[in-house]
Every structure is written in structure tokens, then in C-alpha cells.
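Data block for data05.cif (mmCIF, C-alpha atoms):
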data_entry
loop_
_atom_site.label_atom_id
_atom_site.label_comp_id
_atom_site.auth_asym_id
_atom_site.auth_seq_id
_atom_site.Cartn_x
_atom_site.Cartn_y
_atom_site.Cartn_z
CA MET A 1 7.32 -10.67 32.84
CA ALA A 2 7.85 -7.73 30.53
CA ASP A 3 4.15 -6.93 30.91
CA MET A 4 4.50 -6.82 34.68
CA ASP A 5 7.40 -4.35 34.41
CA THR A 6 5.32 -2.19 32.07
CA SER A 7 2.39 -2.21 34.48
CA GLU A 8 4.62 -1.09 37.31
CA LYS A 9 5.92 1.79 35.20
CA THR A 10 2.40 2.98 34.39
CA GLN A 11 1.32 3.05 38.04
CA THR A 12 0.97 6.40 39.66
CA HIS A 13 3.28 6.71 42.62
CA LEU A 14 1.99 9.45 44.85
CA SER A 15 3.17 10.63 48.15
CA PRO A 16 1.91 13.43 50.36
CA ASP A 17 4.79 15.57 49.15
CA ASP A 18 3.77 15.32 45.46
CA GLY A 19 1.08 17.94 45.86
CA ALA A 20 -1.48 15.40 44.61
CA VAL A 21 -3.05 14.99 48.01
CA PRO A 22 -6.76 15.65 48.00
CA LYS A 23 -7.91 18.95 49.43
CA PRO A 24 -9.16 18.65 52.96
CA ASP A 25 -12.83 17.85 53.10
CA LYS A 26 -15.10 17.66 56.10
CA GLU A 27 -13.71 14.26 57.17
CA THR A 28 -10.02 15.20 56.82
CA ALA A 29 -10.44 18.72 58.16
CA GLU A 30 -11.34 17.36 61.56
CA MET A 31 -8.35 14.98 61.65
CA SER A 32 -5.05 15.74 63.22
CA ALA A 33 -1.99 15.91 60.96
CA GLU A 34 -0.88 12.47 62.14
CA GLU A 35 -4.29 10.91 61.45
CA ARG A 36 -4.43 12.57 58.08
CA ALA A 37 -0.97 11.24 57.16
CA LEU A 38 -2.08 7.72 58.12
CA LYS A 39 -5.30 8.10 56.10
CA GLU A 40 -3.36 9.36 53.08
CA LYS A 41 -0.96 6.43 53.37
CA GLU A 42 -3.99 4.12 53.40
CA TRP A 43 -5.40 5.79 50.31
CA LEU A 44 -2.06 5.56 48.49
CA GLU A 45 -1.83 1.85 49.26
CA GLU A 46 -5.40 1.36 48.02
CA LEU A 47 -4.61 3.38 44.90
CA HIS A 48 -1.53 1.26 44.10
CA LYS A 49 -3.45 -1.94 44.74
CA THR A 50 -6.32 -0.80 42.47
CA GLU A 51 -3.88 0.23 39.72
CA GLU A 52 -2.25 -3.21 39.90
CA GLU A 53 -5.67 -4.87 39.60
CA VAL A 54 -6.54 -2.67 36.60
CA ASN A 55 -3.25 -3.55 34.90
CA THR A 56 -3.80 -7.26 35.60
CA LEU A 57 -7.30 -7.05 34.14
CA LYS A 58 -5.91 -5.24 31.06
CA GLN A 59 -3.38 -8.05 30.56
CA VAL A 60 -6.06 -10.73 30.96
CA LEU A 61 -8.34 -8.89 28.54
CA ALA A 62 -5.53 -8.52 25.97
CA SER A 63 -4.74 -12.23 26.30
CA LYS A 64 -8.41 -13.18 25.86
CA GLN A 65 -8.77 -10.87 22.85
CA LYS A 66 -5.70 -12.45 21.24
CA ARG A 67 -7.21 -15.90 21.83
CA VAL A 68 -10.50 -14.78 20.26
CA ASN A 69 -8.65 -13.53 17.18
CA ASP A 70 -6.64 -16.76 16.94
CA LEU A 71 -9.80 -18.88 17.18
CA LYS A 72 -11.50 -16.77 14.51
CA LYS A 73 -8.52 -17.30 12.21
CA LEU A 74 -8.66 -21.04 12.82
CA LEU A 75 -12.37 -21.07 12.05
CA GLY A 76 -11.93 -18.87 8.99
CA VAL A 77 -13.99 -16.12 10.52
CA GLY A 78 -12.25 -12.94 9.56
CA ILE A 79 -13.25 -9.49 8.55
CA VAL A 80 -13.77 -10.51 4.92
CA SER A 81 -15.88 -13.56 5.74
CA ARG A 82 -17.99 -11.58 8.22
CA PHE A 83 -18.44 -8.82 5.63
CA SER A 84 -19.34 -11.41 2.99
CA LYS A 85 -21.84 -13.07 5.33
CA ASP A 86 -23.40 -9.71 6.21
CA MET A 87 -23.65 -8.76 2.52
CA ASN A 88 -25.28 -12.09 1.64
CA GLU A 89 -27.80 -11.68 4.44
CA SER A 90 -28.56 -8.13 3.30
CA ILE A 91 -29.02 -9.21 -0.30
CA THR A 92 -31.31 -12.03 0.78
CA ARG A 93 -33.40 -9.67 2.91
CA LEU A 94 -33.55 -7.17 0.06
CA SER A 95 -34.53 -9.75 -2.55
CA GLU A 96 -37.31 -11.02 -0.29
CA SER A 97 -38.63 -7.55 0.55
CA ASP A 98 -42.04 -6.39 -0.69
CA VAL A 99 -40.45 -3.58 -2.70
CA MET A 100 -38.16 -5.96 -4.56
CA LEU A 101 -40.95 -8.48 -5.19
CA LYS A 102 -43.13 -5.71 -6.65
CA ALA A 103 -40.22 -4.42 -8.76
CA ASN A 104 -39.52 -7.93 -10.09
CA SER A 105 -43.19 -8.36 -10.96
CA ALA A 106 -43.24 -5.00 -12.75
CA PHE A 107 -40.06 -5.83 -14.70
CA LYS A 108 -41.45 -9.23 -15.69
CA SER A 109 -44.70 -7.65 -16.89
CA ALA A 110 -42.82 -4.95 -18.78
CA GLY A 111 -40.59 -7.58 -20.37
CA GLU A 112 -43.57 -9.63 -21.50
CA LYS A 113 -45.29 -6.56 -22.97
CA THR A 114 -42.08 -5.49 -24.71
CA SER A 115 -41.61 -8.98 -26.12
CA ALA A 116 -45.19 -9.03 -27.41
CA ALA A 117 -44.73 -5.58 -28.98
CA PHE A 118 -41.52 -6.63 -30.74
CA SER A 119 -43.21 -9.81 -31.93
CA THR A 120 -46.09 -7.80 -33.40
CA VAL A 121 -43.69 -5.34 -35.04
CA GLY A 122 -41.70 -8.27 -36.43
CA ARG A 123 -44.81 -9.82 -37.97
CA LYS A 124 -45.84 -6.49 -39.49
CA LEU A 125 -42.37 -6.04 -40.95
CA GLU A 126 -42.60 -9.53 -42.49
CA ASP A 127 -45.97 -8.61 -44.00
CA VAL A 128 -44.56 -5.34 -45.40
CA LYS A 129 -41.56 -7.23 -46.79
CA HIS A 130 -43.83 -9.82 -48.43
CA VAL A 131 -46.08 -7.14 -50.00
CA ALA A 132 -43.05 -5.16 -51.18
CA LYS A 133 -41.53 -8.31 -52.73
CA GLU A 134 -44.78 -9.10 -54.53
CA LYS A 135 -44.98 -5.55 -55.89
CA ALA A 136 -41.31 -5.60 -56.90
CA ASP A 137 -41.78 -8.98 -58.61
CA GLY A 138 -44.88 -7.65 -60.43
CA ALA A 139 -43.06 -4.51 -61.53
CA TYR A 140 -40.08 -6.57 -62.68
CA LEU A 141 -42.29 -8.87 -64.72
CA ALA A 142 -44.11 -5.89 -66.26
CA VAL A 143 -40.81 -4.25 -67.23
CA LYS A 144 -39.49 -7.55 -68.56
CA ALA A 145 -42.59 -8.06 -70.64
CA LYS A 146 -42.32 -4.52 -72.00
CA VAL A 147 -38.63 -4.97 -72.80
CA GLY A 148 -39.35 -8.35 -74.38
CA SER A 149 -42.05 -6.87 -76.63
CA ILE A 150 -39.73 -4.08 -77.69
CA LYS A 151 -37.07 -6.61 -78.73
CA HIS A 152 -39.54 -8.50 -80.88
CA GLU A 153 -40.99 -5.45 -82.60
CA PRO A 154 -39.72 -5.35 -86.12
CA SER A 155 -37.75 -2.44 -87.43
CA PRO A 156 -39.47 -0.30 -90.08
CA ALA A 157 -37.62 -2.15 -92.84
CA GLU A 158 -38.63 -5.50 -91.41
CA ALA A 159 -42.17 -4.28 -91.01
CA ALA A 160 -42.32 -3.28 -94.66
CA THR A 161 -40.98 -6.69 -95.69
CA ASP A 162 -43.51 -8.40 -93.46
CA VAL A 163 -46.35 -6.34 -94.93
CA ALA A 164 -45.22 -7.16 -98.47
CA THR A 165 -44.99 -10.85 -97.60
CA GLU A 166 -48.44 -10.83 -96.13
CA ALA A 167 -49.84 -9.06 -99.18
CA SER A 168 -48.41 -11.62 -101.54
CA GLY A 169 -50.02 -14.36 -99.50
CA ASN A 170 -46.89 -16.08 -98.31
CA PRO A 171 -46.77 -16.52 -94.65
#
Output the file's structure as C-alpha cells, nothing else.
Amino acid sequence: MADMDTSEKTQTHLSPDDGAVPKPDKETAEMSAEERALKEKEWLEELHKTEEEVNTLKQVLASKQKRVNDLKKLLGVGIVSRFSKDMNESITRLSESDVMLKANSAFKSAGEKTSAAFSTVGRKLEDVKHVAKEKADGAYLAVKAKVGSIKHEPSPAEAATDVATEASGNP
């Protein structure tokens, strides 16, 4: 009922005295003042009737739109779910596109080549480590042998005693 009152308030109420009467055209120029007044009354009635129909249609449309929104809420179809659905469809289309398939292929190939390169570098580093360890072990043993021979070299006094012992024939 409140909607009906609102629609009545929004209607345009015109009368010939409002100054909103159309300018005389060929049809109205040939009419007498009495005929013109009757024609204007007819037009005003038609105008009011059309405005009422427009307002009724607006109310029906608003009611239908509210029902649509209510049904969407009941079905869980809201802005977020529609956005999510649209995004998922877009992502699917993108992932299945030729450009994306080519890009995935290129990334896979690049990944395989990179993996092979790192594997080769890793093996070379292991080889370098092994060679370096062998050289370090060899150098360590050489130094150890040198140090060991220095420890067992007799001092000059011991050497003289050893020479004297050898000369006397006692071992």
C-alpha cells in the first residue's frame, strides 16, 4: 500500500493551466478551443493512466528482482561465488591455451637442462674433491715421512758414538 501512495506522488498531474500544454500543431491549430480542451483532457487522462502502468511495472520488476536475489542466496549463488566461478573458468581456459602449453613445455625443458647441468657440475666437483684429497693425503704422508726421518736422525754426538761403535765392530 505504501508503494501505491508513492506511485501516486510521483505521477505528473498536469492541467491546461499548468503551462505544460503542448504547443499547437497542425492538428490542434485547426480545432476550436472547446475541442482542444477536450483533446487535452483526453491526453491528460492517457498520461495519468500510462504513468500508473509504468509505476505498476516498476513495482513488479522490483518484486521480481528481490525474488531473484533471494533465490540466488538460497542457492548460494552470490557475487563471490560467481566471481570464483568466473576466475576458475578463466584459469582453466588460460592453462589450456596454446601459449600456456608452449610455456609449460619450455619451462619443463629448461628445468631438465638445468638439472642435467647441475648434475654434471656436481660430478665434476666430486672429482675435484677426490683429486684434491688424494694430493693432500700424498703431501701429508710426504711431510710425515720427512718429519719422521728427522726425528730418527742422530744428533752429532750420537752420530760420533755410532761411528765409534761401528769402528770397534760392535753393532
Region 127-139 of chain A: axis-aligned bounding box, 3 Å on each side, centre and edge lengths in Å, one decimal, as lines of an AutoDock Vina configuration file:
center_x = -43.7
center_y = -7.2
center_z = -52.8
size_x = 10.8
size_y = 11.3
size_z = 23.5
Expressed in Å to a single decimal, how great is the separation between CA of Ser81 (chain A) and CA of Arg93 (chain A)?
->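 We find that CA of Ser81 (chain A) and CA of Arg93 (chain A) lie 18.2 Å from each other.
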Just how far from CA of Gly76 (chain A) is CA of Ile91 (chain A), in Å to one decimal?
->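 So the two atoms, CA of Ile91 (chain A) and CA of Gly76 (chain A), lie 21.7 Å apart.
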Would you mind reading off the distance between CA of Met100 (chain A) and CA of Asn88 (chain A), one decimal, in Å?
->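 Interatomic distance, CA of Met100 (chain A) to CA of Asn88 (chain A): 15.6 Å.
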